[in-house]
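Pasted below: upload-v8.txt, compact mmCIF, C-alpha atoms.
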# COMPACT_ATOMS: atom_id res chain seq x y z
CA MET A 1 45.21 -16.62 -39.85
CA ALA A 2 44.62 -17.86 -43.39
CA ILE A 3 44.72 -14.90 -45.77
CA VAL A 4 42.40 -14.89 -48.79
CA GLU A 5 43.20 -12.14 -51.27
CA ARG A 6 40.34 -12.54 -53.73
CA LYS A 7 37.08 -10.80 -52.90
CA THR A 8 33.76 -12.19 -54.09
CA LYS A 9 32.13 -10.22 -56.90
CA VAL A 10 29.61 -7.62 -55.69
CA ILE A 11 26.35 -6.56 -57.37
CA GLU A 12 24.63 -3.44 -56.06
CA GLY A 13 21.18 -1.95 -56.55
CA LEU A 14 19.07 -5.11 -56.38
CA ARG A 15 15.82 -5.39 -54.43
CA PRO A 16 14.05 -8.51 -53.09
CA ASP A 17 11.86 -8.51 -56.22
CA THR A 18 14.60 -7.87 -58.85
CA ILE A 19 16.94 -10.81 -58.28
CA PRO A 20 18.31 -12.16 -61.61
CA TRP A 21 17.91 -15.81 -60.63
CA ARG A 22 18.68 -17.31 -64.05
CA GLU A 23 21.81 -15.22 -64.45
CA LEU A 24 23.09 -16.21 -61.01
CA ILE A 25 22.70 -19.91 -61.77
CA ALA A 26 24.20 -19.58 -65.26
CA ALA A 27 27.29 -17.75 -63.96
CA ALA A 28 28.00 -20.63 -61.53
CA GLU A 29 30.06 -18.31 -59.30
CA PRO A 30 29.48 -16.80 -55.86
CA VAL A 31 28.30 -13.20 -55.78
CA VAL A 32 27.50 -10.71 -53.02
CA LEU A 33 24.15 -8.95 -53.48
CA LYS A 34 24.88 -5.75 -51.62
CA GLY A 35 21.99 -4.41 -49.51
CA LEU A 36 19.50 -6.92 -50.95
CA ALA A 37 17.64 -7.38 -47.64
CA GLY A 38 18.24 -3.87 -46.33
CA SER A 39 14.52 -3.05 -46.27
CA TRP A 40 13.63 -5.97 -43.99
CA GLU A 41 12.17 -5.03 -40.62
CA LEU A 42 14.51 -7.50 -38.89
CA VAL A 43 17.55 -5.84 -40.49
CA GLN A 44 16.31 -2.41 -39.45
CA ALA A 45 15.76 -3.60 -35.86
CA GLY A 46 19.22 -5.14 -35.69
CA ARG A 47 20.85 -1.96 -36.94
CA ARG A 48 19.32 -0.15 -33.98
CA SER A 49 20.44 -2.73 -31.40
CA ALA A 50 20.83 -6.43 -30.73
CA SER A 51 18.23 -6.15 -27.98
CA GLU A 52 15.66 -4.74 -30.38
CA ALA A 53 16.36 -7.53 -32.87
CA ILE A 54 15.89 -10.12 -30.13
CA ALA A 55 12.58 -8.54 -29.10
CA TYR A 56 11.48 -8.48 -32.75
CA LEU A 57 12.16 -12.21 -33.15
CA LYS A 58 10.32 -12.99 -29.92
CA SER A 59 7.22 -11.19 -31.24
CA PHE A 60 6.77 -14.01 -33.81
CA TYR A 61 7.73 -16.96 -31.62
CA ASN A 62 5.13 -19.72 -31.34
CA GLY A 63 6.57 -21.65 -28.38
CA ARG A 64 8.17 -24.56 -30.23
CA THR A 65 11.54 -25.89 -29.15
CA VAL A 66 14.55 -25.62 -31.44
CA GLY A 67 17.82 -27.50 -31.74
CA ALA A 68 20.54 -25.53 -29.93
CA TYR A 69 24.29 -26.11 -30.03
CA LEU A 70 25.94 -25.18 -26.73
CA GLY A 71 29.67 -25.00 -26.08
CA SER A 72 32.04 -23.69 -23.46
CA PRO A 73 33.81 -20.34 -23.93
CA GLU A 74 37.01 -22.29 -24.63
CA ILE A 75 35.84 -23.46 -28.08
CA GLY A 76 35.64 -19.83 -29.24
CA GLY A 77 32.46 -20.49 -31.18
CA ARG A 78 34.14 -23.12 -33.39
CA TYR A 79 31.71 -26.02 -33.45
CA PHE A 80 34.06 -28.87 -34.21
CA TYR A 81 35.53 -32.13 -32.91
CA LYS A 82 37.28 -33.00 -29.69
CA ASP A 83 41.04 -33.13 -30.18
CA ASP A 84 41.08 -36.93 -30.55
CA LEU A 85 37.97 -37.00 -32.82
CA SER A 86 36.19 -39.19 -30.28
CA GLY A 87 33.21 -36.86 -30.38
CA LEU A 88 32.16 -33.26 -30.79
CA ASN A 89 33.28 -30.28 -28.69
CA PHE A 90 29.71 -29.10 -28.00
CA ARG A 91 26.37 -30.54 -26.94
CA CYS A 92 22.94 -30.40 -28.61
CA GLU A 93 19.72 -29.70 -26.73
CA ARG A 94 16.08 -29.01 -27.58
CA LEU A 95 15.22 -25.69 -25.97
CA PRO A 96 12.55 -22.99 -26.23
CA LEU A 97 13.78 -20.31 -28.63
CA ASP A 98 12.97 -17.47 -26.26
CA GLN A 99 15.18 -19.11 -23.62
CA VAL A 100 18.04 -19.32 -26.14
CA LEU A 101 17.58 -15.67 -27.08
CA ASP A 102 17.61 -14.67 -23.40
CA ASP A 103 20.82 -16.64 -22.84
CA ILE A 104 22.48 -14.85 -25.76
CA ALA A 105 21.24 -11.47 -24.48
CA ARG A 106 22.81 -12.07 -21.07
CA HIS A 107 26.24 -12.36 -22.67
CA LEU A 108 26.12 -9.54 -25.26
CA ASP A 109 28.83 -7.59 -23.41
CA ASN A 110 30.93 -10.63 -22.54
CA THR A 111 34.18 -10.81 -24.53
CA SER A 112 34.39 -14.58 -23.98
CA PRO A 113 30.82 -15.87 -23.86
CA PRO A 114 29.65 -19.47 -23.87
CA SER A 115 28.92 -20.52 -27.43
CA ILE A 116 25.19 -20.55 -28.28
CA TYR A 117 23.92 -21.40 -31.75
CA VAL A 118 20.61 -22.32 -33.37
CA GLY A 119 21.39 -23.67 -36.81
CA SER A 120 19.29 -24.41 -39.89
CA THR A 121 15.84 -24.12 -38.32
CA THR A 122 12.87 -24.01 -40.69
CA LEU A 123 11.73 -20.41 -40.36
CA ASP A 124 7.98 -20.93 -40.51
CA ALA A 125 8.11 -23.75 -37.97
CA CYS A 126 9.08 -21.52 -35.05
CA LEU A 127 8.61 -17.94 -36.25
CA PRO A 128 5.40 -17.94 -38.32
CA GLY A 129 4.63 -14.56 -39.85
CA LEU A 130 8.19 -13.30 -39.83
CA ARG A 131 8.68 -14.19 -43.50
CA ALA A 132 5.70 -12.05 -44.51
CA ARG A 133 7.76 -8.98 -43.59
CA ASN A 134 11.25 -10.30 -44.25
CA ASP A 135 11.46 -12.26 -47.49
CA LEU A 136 12.59 -12.38 -51.10
CA SER A 137 10.47 -12.71 -54.23
CA PHE A 138 10.41 -16.08 -56.01
CA ASP A 139 8.08 -15.27 -58.89
CA SER A 140 10.63 -16.43 -61.49
CA GLU A 141 9.44 -19.32 -63.66
CA MET A 142 12.44 -21.20 -62.25
CA PHE A 143 10.47 -21.71 -59.03
CA ALA A 144 7.17 -22.69 -60.66
CA GLY A 145 5.42 -25.18 -58.42
CA SER A 146 7.90 -24.91 -55.56
CA ARG A 147 9.80 -22.41 -53.49
CA PRO A 148 13.14 -22.70 -51.70
CA LEU A 149 13.45 -24.07 -48.20
CA THR A 150 13.80 -21.07 -45.88
CA SER A 151 15.91 -21.50 -42.74
CA ILE A 152 17.09 -19.24 -39.93
CA TRP A 153 20.41 -19.32 -38.07
CA ILE A 154 20.76 -17.50 -34.73
CA GLY A 155 23.64 -17.19 -32.29
CA ASN A 156 26.55 -15.30 -30.85
CA PRO A 157 30.05 -15.45 -32.44
CA SER A 158 30.47 -18.77 -34.25
CA ILE A 159 32.48 -20.63 -36.87
CA ALA A 160 30.89 -23.22 -39.13
CA SER A 161 33.91 -25.01 -40.57
CA ALA A 162 34.20 -25.28 -44.34
CA HIS A 163 31.72 -27.76 -45.81
CA TYR A 164 29.48 -28.11 -48.85
CA ASP A 165 25.71 -28.41 -49.31
CA ALA A 166 23.93 -30.11 -52.18
CA PRO A 167 21.45 -27.28 -52.96
CA ASN A 168 22.10 -23.79 -54.30
CA ASN A 169 22.15 -21.24 -51.50
CA LEU A 170 21.27 -17.58 -51.12
CA ALA A 171 22.11 -16.41 -47.59
CA CYS A 172 20.92 -13.07 -46.19
CA CYS A 173 22.85 -11.49 -43.32
CA ALA A 174 20.01 -10.04 -41.26
CA VAL A 175 21.72 -9.11 -37.96
CA GLY A 176 25.43 -8.81 -37.23
CA ARG A 177 28.33 -9.29 -39.64
CA ARG A 178 29.38 -12.50 -41.39
CA ARG A 179 32.33 -13.72 -43.37
CA PHE A 180 32.02 -16.45 -45.99
CA THR A 181 35.21 -18.08 -47.24
CA LEU A 182 34.37 -19.94 -50.45
CA PHE A 183 36.09 -22.66 -52.46
CA PRO A 184 35.07 -24.30 -55.76
CA PRO A 185 34.12 -28.00 -55.58
CA GLU A 186 37.36 -29.19 -57.17
CA GLN A 187 39.27 -28.06 -54.06
CA ILE A 188 37.87 -30.90 -51.94
CA ALA A 189 41.18 -32.78 -51.61
CA ASN A 190 43.02 -29.58 -50.62
CA LEU A 191 40.53 -28.93 -47.80
CA TYR A 192 41.13 -32.26 -46.02
CA PRO A 193 37.53 -33.30 -45.22
CA GLY A 194 36.84 -35.05 -41.93
CA PRO A 195 34.74 -38.16 -41.27
CA LEU A 196 31.54 -38.78 -43.21
CA ASP A 197 29.70 -40.50 -40.36
CA LEU A 198 30.52 -38.14 -37.46
CA THR A 199 30.00 -34.50 -38.41
CA PRO A 200 29.32 -31.27 -36.50
CA GLY A 201 26.30 -30.39 -38.65
CA GLY A 202 25.45 -33.20 -41.07
CA GLN A 203 28.15 -32.68 -43.71
CA ALA A 204 31.85 -33.50 -43.71
CA VAL A 205 33.90 -30.45 -42.73
CA SER A 206 37.45 -29.34 -43.41
CA MET A 207 39.86 -30.43 -40.70
CA VAL A 208 41.95 -27.28 -41.21
CA ASP A 209 41.72 -24.55 -38.58
CA PHE A 210 41.56 -21.47 -40.80
CA ALA A 211 42.56 -19.21 -37.92
CA ASN A 212 45.80 -21.14 -37.39
CA PRO A 213 46.43 -23.45 -40.36
CA ASP A 214 49.02 -26.17 -39.87
CA PHE A 215 50.70 -26.27 -43.27
CA GLU A 216 52.97 -29.13 -42.25
CA LYS A 217 49.99 -31.35 -41.52
CA PHE A 218 47.81 -29.93 -44.32
CA PRO A 219 50.25 -28.73 -47.04
CA ARG A 220 47.67 -28.78 -49.87
CA PHE A 221 45.63 -26.16 -48.03
CA ARG A 222 47.93 -23.55 -49.60
CA ASP A 223 46.48 -24.54 -52.98
CA ALA A 224 42.95 -24.24 -51.62
CA LEU A 225 43.70 -20.72 -50.40
CA ALA A 226 44.98 -19.76 -53.85
CA ALA A 227 41.57 -20.74 -55.28
CA ALA A 228 39.49 -19.23 -52.45
CA GLN A 229 37.46 -16.05 -52.26
CA VAL A 230 35.97 -14.19 -49.34
CA ALA A 231 32.62 -12.41 -48.94
CA GLU A 232 32.31 -9.91 -46.09
CA LEU A 233 28.65 -9.23 -45.29
CA GLU A 234 27.11 -6.32 -43.42
CA PRO A 235 23.49 -6.38 -42.19
CA GLY A 236 21.18 -6.46 -45.22
CA ASP A 237 23.78 -7.99 -47.57
CA ALA A 238 23.32 -11.41 -49.14
CA VAL A 239 25.61 -13.92 -50.81
CA PHE A 240 24.72 -16.47 -53.47
CA TYR A 241 26.86 -19.53 -54.04
CA PRO A 242 26.14 -22.55 -56.24
CA SER A 243 25.56 -26.16 -55.27
CA LEU A 244 28.57 -28.01 -53.80
CA TRP A 245 30.77 -24.94 -53.27
CA TRP A 246 32.69 -25.28 -50.01
CA HIS A 247 32.08 -22.47 -47.53
CA GLN A 248 33.28 -21.57 -44.06
CA VAL A 249 30.85 -19.22 -42.31
CA GLU A 250 31.92 -16.96 -39.46
CA ALA A 251 29.40 -14.95 -37.44
CA LEU A 252 31.39 -12.01 -36.14
CA SER A 253 29.06 -9.97 -33.89
CA PRO A 254 27.75 -10.51 -30.33
CA PHE A 255 24.34 -11.33 -31.87
CA ASN A 256 23.90 -12.73 -35.37
CA VAL A 257 20.93 -13.80 -37.49
CA LEU A 258 21.07 -15.23 -40.99
CA ILE A 259 18.13 -16.28 -43.17
CA ASN A 260 18.96 -18.50 -46.09
CA TYR A 261 17.17 -20.08 -49.04
CA TRP A 262 18.08 -23.53 -50.40
CA TRP A 263 16.87 -24.93 -53.68
CA SER A 264 17.85 -27.50 -56.29
CA ASP A 265 17.40 -27.40 -60.05
CA ALA A 266 16.81 -31.16 -60.05
CA PRO A 267 13.26 -32.57 -59.85
CA GLY A 268 12.15 -33.67 -56.41
CA TYR A 269 11.72 -37.31 -57.44
CA MET A 270 15.43 -37.72 -58.11
CA GLY A 271 17.52 -39.43 -55.46
CA THR A 272 20.30 -37.73 -53.54
CA PRO A 273 23.80 -38.26 -54.98
CA MET A 274 25.08 -38.73 -51.41
CA ASN A 275 23.33 -42.10 -51.31
CA ALA A 276 25.20 -43.06 -54.48
CA LEU A 277 28.47 -42.08 -52.78
CA TYR A 278 27.76 -44.31 -49.79
CA HIS A 279 26.83 -47.18 -52.12
CA ALA A 280 30.07 -46.63 -54.05
CA LEU A 281 32.04 -46.86 -50.80
CA LEU A 282 30.39 -50.22 -50.24
CA SER A 283 30.70 -51.61 -53.74
CA LEU A 284 33.57 -49.86 -55.57
CA ARG A 285 36.24 -48.13 -53.50
CA ASP A 286 38.15 -51.18 -52.27
CA ARG A 287 38.13 -53.19 -55.47
CA PRO A 288 41.45 -53.83 -57.27
CA GLU A 289 42.85 -50.77 -59.01
CA GLN A 290 42.47 -52.21 -62.50
CA GLU A 291 38.77 -52.86 -61.82
CA LYS A 292 38.28 -49.32 -60.53
CA ARG A 293 39.90 -47.89 -63.64
CA ALA A 294 37.51 -49.92 -65.78
CA TRP A 295 34.52 -48.85 -63.70
CA ARG A 296 35.59 -45.20 -64.11
CA HIS A 297 35.13 -45.61 -67.88
CA ILE A 298 31.74 -47.26 -67.36
CA PHE A 299 30.56 -44.42 -65.12
CA ASP A 300 31.86 -41.84 -67.58
CA TYR A 301 29.82 -43.56 -70.29
CA TYR A 302 26.55 -43.98 -68.39
CA ILE A 303 26.61 -41.16 -65.83
CA PHE A 304 29.07 -38.34 -66.42
CA GLY A 305 28.97 -38.23 -70.20
CA THR A 306 26.05 -37.06 -72.31
CA SER A 307 22.86 -38.91 -71.44
CA ASP A 308 22.06 -39.51 -75.12
CA LEU A 309 25.24 -41.50 -75.92
CA PRO A 310 24.31 -44.81 -74.22
CA ARG A 311 20.95 -44.93 -75.99
CA GLU A 312 21.61 -43.30 -79.35
CA HIS A 313 22.00 -46.68 -81.10
CA LEU A 314 18.98 -48.31 -79.40
CA PRO A 315 15.28 -48.29 -80.41
CA GLU A 316 13.34 -46.08 -78.03
CA LYS A 317 11.24 -48.97 -76.75
CA ALA A 318 14.42 -50.86 -75.80
CA CYS A 319 16.03 -48.04 -73.76
CA GLY A 320 14.49 -49.06 -70.44
CA VAL A 321 16.25 -47.38 -67.52
CA LEU A 322 18.58 -45.60 -69.97
CA GLY A 323 15.69 -43.35 -70.98
CA PRO A 324 15.09 -39.92 -69.42
CA VAL A 325 14.27 -40.18 -65.72
CA ASP A 326 10.76 -39.02 -64.87
CA GLU A 327 8.66 -39.73 -61.80
CA ASP A 328 7.59 -43.17 -63.03
CA ARG A 329 11.10 -44.21 -64.01
CA ALA A 330 12.44 -42.92 -60.68
CA ARG A 331 10.03 -45.25 -58.87
CA GLN A 332 11.10 -48.11 -61.15
CA LEU A 333 14.78 -47.51 -60.42
CA ARG A 334 14.19 -47.30 -56.66
CA ALA A 335 12.25 -50.55 -56.69
CA MET A 336 15.00 -52.25 -58.71
CA LEU A 337 17.70 -51.00 -56.34
CA LEU A 338 15.82 -52.10 -53.23
CA HIS A 339 15.24 -55.54 -54.74
CA LYS A 340 18.91 -55.95 -55.64
CA MET A 341 20.20 -54.68 -52.29
CA ASN A 342 17.87 -56.93 -50.30
CA ARG A 343 18.84 -60.13 -52.15

What do you get writing this file as structure tokens?
Amino acid sequence: MAIVERKTKVIEGLRPDTIPWRELIAAAEPVVLKGLAGSWELVQAGRRSASEAIAYLKSFYNGRTVGAYLGSPEIGGRYFYKDDLSGLNFRCERLPLDQVLDDIARHLDNTSPPSIYVGSTTLDACLPGLRARNDLSFDSEMFAGSRPLTSIWIGNPSIASAHYDAPNNLACCAVGRRRFTLFPPEQIANLYPGPLDLTPGGQAVSMVDFANPDFEKFPRFRDALAAAQVAELEPGDAVFYPSLWWHQVEALSPFNVLINYWWSDAPGYMGTPMNALYHALLSLRDRPEQEKRAWRHIFDYYIFGTSDLPREHLPEKACGVLGPVDEDRARQLRAMLLHKMNR
């Protein structure tokens, strides 16, 4: 078992309406918000029993199907690849949520249950009304005009292998216990990401089995562990971690529910950087090394340096696409890209 010594910083005494959003973003570090969601009705039901939490969720269910991940007991809740990477070690089905909850309930006392997991389901789509009694406050000016995407995750014991997400994330452990193992973005090479085009959940995941790491095959993982931190969550606790932090998430109880909030500080009209990565794979990665070194300088100048530098010597009317990106310029850039790529 990979041992992580460093514990994530803990803040106590916060309520759903006293979250210091600006301070969390400015600190750019994970933090556990102890007991943040402790007053939620769902948390209270889960503390009494898993069965009561299941009944509480069912009381809001509107009959829609959800995406369910289903695996044999042999995978131990680790939704991952087959040994030869020819596919995934679980199957996906669209099922009624109440059926999934009943299947989990039947195995609550089973020490080796089949793996059952509903991941990243938009909360209001299948459980309308639940958020009215189990939610956080987003009255900060940071969320003016928009609110985070709210998702729910439901299942029995599971392991979501280490991966990153583009948005900021605040995850509330509503039922059961969870463990988050967190790594800063610069540890990507030491986590040995898997394929980009075949993934268990939409993002590349670490190929390292944290429960039994093979340091001969993945020697740099020792360096990742030295930079890691771990957040142990009880029901009602929450954890915040910034955009692009790697995180492995383990649901540790016979029944687990997590509600999380995703948001980005970037305007909605901006494109996703992942598309730029795919385009770079097409157009840059396999060029001669001397060309790539030159392109690195060009990208540092136009993209990763200060945005004012490339235009500071130009008249404003001549800046064109070098000017600040607003909604109109975003449309202009998209049109230009589509035209160039379709030539």

For Ser243 of chain A, list every protein, DNA or RNA residue within 7 Å, evaluated using only C-alpha atoms, and leave out those in the same chain fewer than 5 positions away; present the list as number ranges by chain.
A: 165-168

Restricting it to C-alpha atoms, dump the selection as a PDB file, in the coordinates of the input.
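Ended up saving to out.pdb:
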ATOM      1  CA  ASP A 165      25.710 -28.410 -49.310  1.00  0.00           C
ATOM      2  CA  ALA A 166      23.930 -30.110 -52.180  1.00  0.00           C
ATOM      3  CA  PRO A 167      21.450 -27.280 -52.960  1.00  0.00           C
ATOM      4  CA  ASN A 168      22.100 -23.790 -54.300  1.00  0.00           C
TER       5      ASN A 168
END

Measuring atom to atom with all atoms listed in the file, identify which of A:Val43, A:Ala125, A:Leu322, A:Ile54 is nearest to Asp103 of chain A.
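When distances to Asp103 of chain A are compared using all atoms listed in the file, the smallest one comes from A:Ile54.
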
Between atom CA of Arg177 of chain A and atom CA of Lys9 of chain A, what is the spacing in Å?
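Separating atom CA of Lys9 of chain A from atom CA of Arg177 of chain A is a distance of 17.7 Å.
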
Do you know which residues lie at most 12 Å from (41.4, -17.9, -40.7), with coordinates as in the file and all atoms listed in the file counted, and could you write them as a PDB file with C-alpha atoms, in the coordinates of the input?
ATOM      1  CA  MET A   1      45.210 -16.620 -39.850  1.00  0.00           C
ATOM      2  CA  ALA A   2      44.620 -17.860 -43.390  1.00  0.00           C
ATOM      3  CA  ILE A   3      44.720 -14.900 -45.770  1.00  0.00           C
ATOM      4  CA  VAL A   4      42.400 -14.890 -48.790  1.00  0.00           C
ATOM      5  CA  ARG A  78      34.140 -23.120 -33.390  1.00  0.00           C
ATOM      6  CA  ILE A 159      32.480 -20.630 -36.870  1.00  0.00           C
ATOM      7  CA  ALA A 160      30.890 -23.220 -39.130  1.00  0.00           C
ATOM      8  CA  SER A 161      33.910 -25.010 -40.570  1.00  0.00           C
ATOM      9  CA  ALA A 162      34.200 -25.280 -44.340  1.00  0.00           C
ATOM     10  CA  ARG A 179      32.330 -13.720 -43.370  1.00  0.00           C
ATOM     11  CA  PHE A 180      32.020 -16.450 -45.990  1.00  0.00           C
ATOM     12  CA  THR A 181      35.210 -18.080 -47.240  1.00  0.00           C
ATOM     13  CA  VAL A 208      41.950 -27.280 -41.210  1.00  0.00           C
ATOM     14  CA  ASP A 209      41.720 -24.550 -38.580  1.00  0.00           C
ATOM     15  CA  PHE A 210      41.560 -21.470 -40.800  1.00  0.00           C
ATOM     16  CA  ALA A 211      42.560 -19.210 -37.920  1.00  0.00           C
ATOM     17  CA  ASN A 212      45.800 -21.140 -37.390  1.00  0.00           C
ATOM     18  CA  PRO A 213      46.430 -23.450 -40.360  1.00  0.00           C
ATOM     19  CA  ASP A 214      49.020 -26.170 -39.870  1.00  0.00           C
ATOM     20  CA  PHE A 221      45.630 -26.160 -48.030  1.00  0.00           C
ATOM     21  CA  LEU A 225      43.700 -20.720 -50.400  1.00  0.00           C
ATOM     22  CA  ALA A 228      39.490 -19.230 -52.450  1.00  0.00           C
ATOM     23  CA  VAL A 230      35.970 -14.190 -49.340  1.00  0.00           C
ATOM     24  CA  GLN A 248      33.280 -21.570 -44.060  1.00  0.00           C
ATOM     25  CA  VAL A 249      30.850 -19.220 -42.310  1.00  0.00           C
ATOM     26  CA  GLU A 250      31.920 -16.960 -39.460  1.00  0.00           C
TER      27      GLU A 250
END

Which polymer residues have any atom within 12 Å of an atom of Tyr117 of chain A, counting all atoms listed in the file, with same-chain residues fewer than 6 positions away left out, as a ChimeraX atom specification?
/A:66-72,77-79,90-95,97,100-101,103-104,152-160,201,250-251,254-258

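Closest approach to Asn62 of chain A among A:Gly46, A:Gly76, A:Pro219, A:Pro128 is made by A:Pro128 (distances from only C-alpha atoms).
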
Distance atom CA of Gly194 of chain A-atom CA of Tyr241 of chain A, one decimal place?
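Distance between the two atoms: 22.1 Å.
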
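The neighbours of segment 274-280 of chain A here are the residues that come within 12 Å of it, using all atoms listed in the file and leaving out any residue fewer than 2 positions away in the same chain; they are Tyr164, Asp165, Ala166, Leu196, Asp197, Gly202, Gln203, Ala204, Leu244, Met270, Gly271, Thr272, Leu282, Ser283, Leu284, Arg285, Asp286, Arg287, Lys292, Trp295, Arg296, Phe299, Ile303, Arg334, Leu337 and Met341 of chain A.
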
Closest-contact table, segment 100-136 of chain A side, partner segment 12-31 of chain A, 12 Å, counting all atoms listed in the file, as a tab-separated table:
residue	atom	partner	partner_atom	distance
A:Arg133	CA	A:Pro16	CA	11.4
A:Asn134	CA	A:Pro16	CA	9.4
A:Asp135	CA	A:Pro16	CA	7.2
A:Leu136	CA	A:Pro16	CA	4.6

Separation of atom CA of Arg147 of chain A and atom CA of Arg331 of chain A, in Å?
23.5 Å
